[in-house]
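So the structure is just underneath, and the comments pick up after that.
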Amino acid sequence: MKITVQSRTGETTLECADNEAILHAGLRQGISLPYECATGTCGTCRARVVSGDVEVRWKEAPGGTRLKPDKGDILMCQTRARSDCVLKVPSEVGTMDARPAPRNGVIRNIRKLTKDVARFDIDLSVPMSFEAGQFVVIDSADVVGARAYSMVNFDTEVRRIELVAKRKPGGKFTDWLFGAQQGDPEVAVFGPLGRAVFRSDEGKNILSIAGGSGIAGIMSILECAVRADYFREHKGSVFFGVRTMQDAFYLETLARYVDSSHGNLVVTIVLSDEIAMTPFHADYPSLRLASGLVHEVAGQAMASAAEDAIAFVAGPPVMVDAAIRGLIICGMPRQDIRYDKFG
Amino acid sequence: MTWKRICGLGDVAENTVRKFDVDGIPILLVNYGAGYRAIPPICPHMEEPLEESSVVVRCILTCTKHLWAWKLDTLEMQGETEKPLKTYELKQEDGSILVNVQQELVYEFDDEDEEDDFFK
């Protein structure tokens, strides 16, 4: 099907396959349609169908609550074309070099990290290169709706990506993932996506504020930085918020990053529901401990840590909003604040 | 001209915002230190409630949801911001702030093209 997109920057066309979300179709062809979460929660990819037939997959998507379906408003991440269509997109739409693509994947090595967080691998049918901090969208035939997960690992042309999932009450995908599904489940993988990326030629310090499973993308950023020996020249501050020490994970890897950072990377585990009894972790003395809400603890250190830095923020939406507010108040330029919100 | 008193000078602290109801019309008053702006209380991007989502620092109002931002003295759009703020005319008189309210200013989410003439 041919999709004609009318935007502020003019008109562009793209080809959309039968069972493909219009957003995916555009992105895979290098057309920079607006999006943030790509999974129906943020509402950034809204558009209006001027003509043509479409099928909306997830009608109750929370990102669509302000749309006017009677006027043809849709979320492009949730919509398939059933005929040639003309869409209006209320943003600037250009072209981009990145070409995210659909791949098949097989889930392997699911392992619980805490009582409600698990890590798993996906073996990809075709290798994928991505930037540190990016995410993929996972779709399973067994569970309706796609989910976004940030890569934990970092490399080029990878056959295997590592991801982290937090089990949410009533979350069907994680119930399925944590549950007794047998064998090696097959999933559809679309990506890589996301603009909250780190490149080892940034030339700035790194300030990361992460809550819970939001640490995933930060791990990829740190892996990329450590490999490039980035902390020889630059400072890094990571604030990793969890409820209690039992909820923290990846500590061994984080300690290893600190130990290879020439003293320039500081990682603080921030406990919201528990008092940190010592200033350093008993088993991983490279890691600092603090008590409080992660954005507040980070806020106290922000004035110095934010200097000449890029900030990466990831985690529950309330935490992300509060952290961004703190960063703006302490004077960080908007273009140096990078975040993905698909919580 | 329908000038309505919105509040007293000093009722809204510097670098903060506060929402008022002026004869049934919701208006957000922004004190950016060097002056005030009276605007609709939602972000023109995704209708976020600016009373909660905005930060005012160094004369710039930023919506923390997607980082759209405007310079408050010139109303210049900052960075990737794609739509201008709408403002009510405002004046200070006898210790009060007055706004000129003809009708409620709204952002046309469903017919942006007609309003902004994008596609011409």
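How things are named: the first chain in the structure tokens is A, the next is B, and so on; residues count from 1 in each chain; ligands count from 1 in the order shown.
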
Close residues, Ile6 in chain B itself excluded, 9 Å, only C-alpha atoms, min 3 positions apart in chain, as a VMD selection string: chain B and resid 20 to 22 27 29 96 to 99

All residues 10 Å or closer to Glu80 in chain B, only C-alpha atoms, same chain fewer than 5 positions away omitted, as a list in words: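 Near neighbours after the sequence-gap exclusion: Glu92, Arg334 and Gln335 of chain A; His66, Leu67, Trp68 and Ala69 of chain B.
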
Store the residues picked out above in a file with C-alpha atoms, as a PDB file, in the first residue's frame.
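Okay, this is what ended up in out-v2.pdb:
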ATOM      1  CA  GLU A  92       8.166  18.139  10.654  1.00  0.00           C
ATOM      2  CA  ARG A 334      17.679  21.024  26.696  1.00  0.00           C
ATOM      3  CA  GLN A 335      19.717  19.485  23.882  1.00  0.00           C
TER       4      GLN A 335
ATOM      5  CA  HIS B  66       8.912  16.778  25.732  1.00  0.00           C
ATOM      6  CA  LEU B  67      11.150  19.815  26.314  1.00  0.00           C
ATOM      7  CA  TRP B  68       9.273  22.280  24.146  1.00  0.00           C
ATOM      8  CA  ALA B  69      10.340  25.733  25.346  1.00  0.00           C
TER       9      ALA B  69
END

Residues within 10 Å of Met46 in chain B, only C-alpha atoms, excluding chain neighbours under 4 positions, as number ranges by chain: A: 42-44, 46, 66; B: 42, 65-66, 109

Could you dump the residues just selected with N, CA and C atoms as a PDB file, in the first residue's frame?
ATOM      1  N   CYS A  42       2.874   6.994  24.441  1.00  0.00           N
ATOM      2  CA  CYS A  42       3.239   8.416  24.542  1.00  0.00           C
ATOM      3  C   CYS A  42       2.372   9.335  23.685  1.00  0.00           C
ATOM      4  N   GLY A  43       1.844   8.859  22.585  1.00  0.00           N
ATOM      5  CA  GLY A  43       0.991   9.692  21.742  1.00  0.00           C
ATOM      6  C   GLY A  43       1.725  10.564  20.742  1.00  0.00           C
ATOM      7  N   THR A  44       3.036  10.475  20.690  1.00  0.00           N
ATOM      8  CA  THR A  44       3.822  11.348  19.814  1.00  0.00           C
ATOM      9  C   THR A  44       3.587  11.066  18.326  1.00  0.00           C
ATOM     10  N   ARG A  46       0.949  10.607  16.618  1.00  0.00           N
ATOM     11  CA  ARG A  46      -0.440  10.799  16.176  1.00  0.00           C
ATOM     12  C   ARG A  46      -0.490  11.353  14.749  1.00  0.00           C
ATOM     13  N   ARG A  66      -6.200  11.425  23.880  1.00  0.00           N
ATOM     14  CA  ARG A  66      -6.595  12.766  23.448  1.00  0.00           C
ATOM     15  C   ARG A  66      -6.899  12.839  21.956  1.00  0.00           C
TER      16      ARG A  66
ATOM     17  N   ILE B  42      -2.291  24.947  28.970  1.00  0.00           N
ATOM     18  CA  ILE B  42      -1.817  23.654  28.444  1.00  0.00           C
ATOM     19  C   ILE B  42      -0.706  23.877  27.428  1.00  0.00           C
ATOM     20  N   LYS B  65       7.693  17.653  29.729  1.00  0.00           N
ATOM     21  CA  LYS B  65       7.235  16.401  29.126  1.00  0.00           C
ATOM     22  C   LYS B  65       8.031  16.071  27.864  1.00  0.00           C
ATOM     23  N   HIS B  66       8.174  17.038  26.975  1.00  0.00           N
ATOM     24  CA  HIS B  66       8.912  16.778  25.732  1.00  0.00           C
ATOM     25  C   HIS B  66       9.889  17.899  25.415  1.00  0.00           C
ATOM     26  N   PHE B 109      -5.825  21.585  18.004  1.00  0.00           N
ATOM     27  CA  PHE B 109      -5.117  20.328  17.814  1.00  0.00           C
ATOM     28  C   PHE B 109      -5.621  19.569  16.605  1.00  0.00           C
TER      29      PHE B 109
END

Contact table chain A vs chain B, cut-off 8 Å, shortest pair per residue, only C-alpha atoms, as a Markdown table:
| residue | atom | partner | partner_atom | distance |
| --- | --- | --- | --- | --- |
| A:Gln6 | CA | B:Phe119 | CA | 7.3 |
| A:Ser7 | CA | B:Phe119 | CA | 7.0 |
| A:Arg8 | CA | B:Phe118 | CA | 4.9 |
| A:Thr9 | CA | B:Phe118 | CA | 7.7 |
| A:Gly10 | CA | B:Phe119 | CA | 6.4 |
| A:Gly43 | CA | B:Met46 | CA | 7.9 |
| A:Thr44 | CA | B:Met46 | CA | 7.9 |
| A:Lys68 | CA | B:Asp110 | CA | 7.8 |
| A:Pro90 | CA | B:Glu112 | CA | 7.0 |
| A:Ser91 | CA | B:Glu82 | CA | 7.3 |
| A:Asp321 | CA | B:Thr64 | CA | 6.3 |
| A:Ile324 | CA | B:Thr64 | CA | 6.3 |
| A:Arg325 | CA | B:Thr64 | CA | 6.1 |
| A:Ile328 | CA | B:Val55 | CA | 7.5 |
| A:Ile329 | CA | B:Val57 | CA | 6.2 |
| A:Gly331 | CA | B:Val57 | CA | 7.9 |
| A:Arg334 | CA | B:Leu67 | CA | 6.7 |
| A:Gln335 | CA | B:Gly79 | CA | 7.7 |

DSSP-assigned strand (DSSP E) members of range 24-115 of chain B, reported as a VMD selection string: chain B and resid 25 to 31 36 to 39 54 to 57 60 to 63 69 to 71 77 to 78 89 to 93 96 to 100

Please dump the current selection as a compact mmCIF listing (two decimals), in the first residue's frame; keep C-alpha atoms.
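Result saved to part-v9.txt:
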# COMPACT_ATOMS: atom_id res chain seq x y z
CA ILE B 25 -11.60 30.91 31.41
CA PRO B 26 -8.52 29.09 32.72
CA ILE B 27 -5.42 31.25 32.49
CA LEU B 28 -1.90 30.42 33.53
CA LEU B 29 0.04 33.38 34.87
CA VAL B 30 3.80 33.08 34.47
CA ASN B 31 6.17 35.28 36.49
CA TYR B 36 4.59 38.31 33.38
CA ARG B 37 2.82 36.31 30.68
CA ALA B 38 -0.78 35.13 30.68
CA ILE B 39 -1.25 32.00 28.58
CA SER B 54 6.43 23.56 33.23
CA VAL B 55 9.64 24.99 34.61
CA VAL B 56 10.55 28.69 34.40
CA VAL B 57 14.27 29.39 34.48
CA ILE B 60 12.52 30.43 29.49
CA LEU B 61 9.41 28.35 30.03
CA THR B 62 10.05 24.64 29.38
CA CYS B 63 7.46 21.88 29.38
CA ALA B 69 10.34 25.73 25.35
CA TRP B 70 9.76 29.43 24.73
CA LYS B 71 11.66 32.56 25.68
CA MET B 77 10.49 29.23 20.22
CA GLN B 78 13.53 27.38 21.53
CA GLU B 89 -2.69 40.90 26.66
CA LEU B 90 -1.64 41.88 30.17
CA LYS B 91 -1.01 45.05 32.17
CA GLN B 92 -0.15 46.07 35.71
CA GLU B 93 -2.28 48.69 37.44
CA SER B 96 -2.90 44.32 40.32
CA ILE B 97 -2.32 42.31 37.18
CA LEU B 98 -5.03 42.65 34.58
CA VAL B 99 -5.61 40.52 31.50
CA ASN B 100 -7.53 41.44 28.40

Expected answer as a list in words: helix (DSSP H, G or I) residues in range 2-188 of chain A: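 Taking range 2-188 of chain A and keeping helix (DSSP H, G or I) only, one gets Ile22, Leu23, His24, Ala25, Gly26, Leu27, Arg28, Pro62, Gly63, Gly64, Pro69, Asp70, Lys71, Met76, Cys77, Gln78, Lys172, Phe173, Thr174, Asp175, Trp176, Leu177 and Phe178 of chain A.
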
Closest of B:Cys59, B:Val106, B:Leu75, B:Cys43 to Glu14 in chain B - atom-to-atom distances counting only C-alpha atoms: B:Cys59
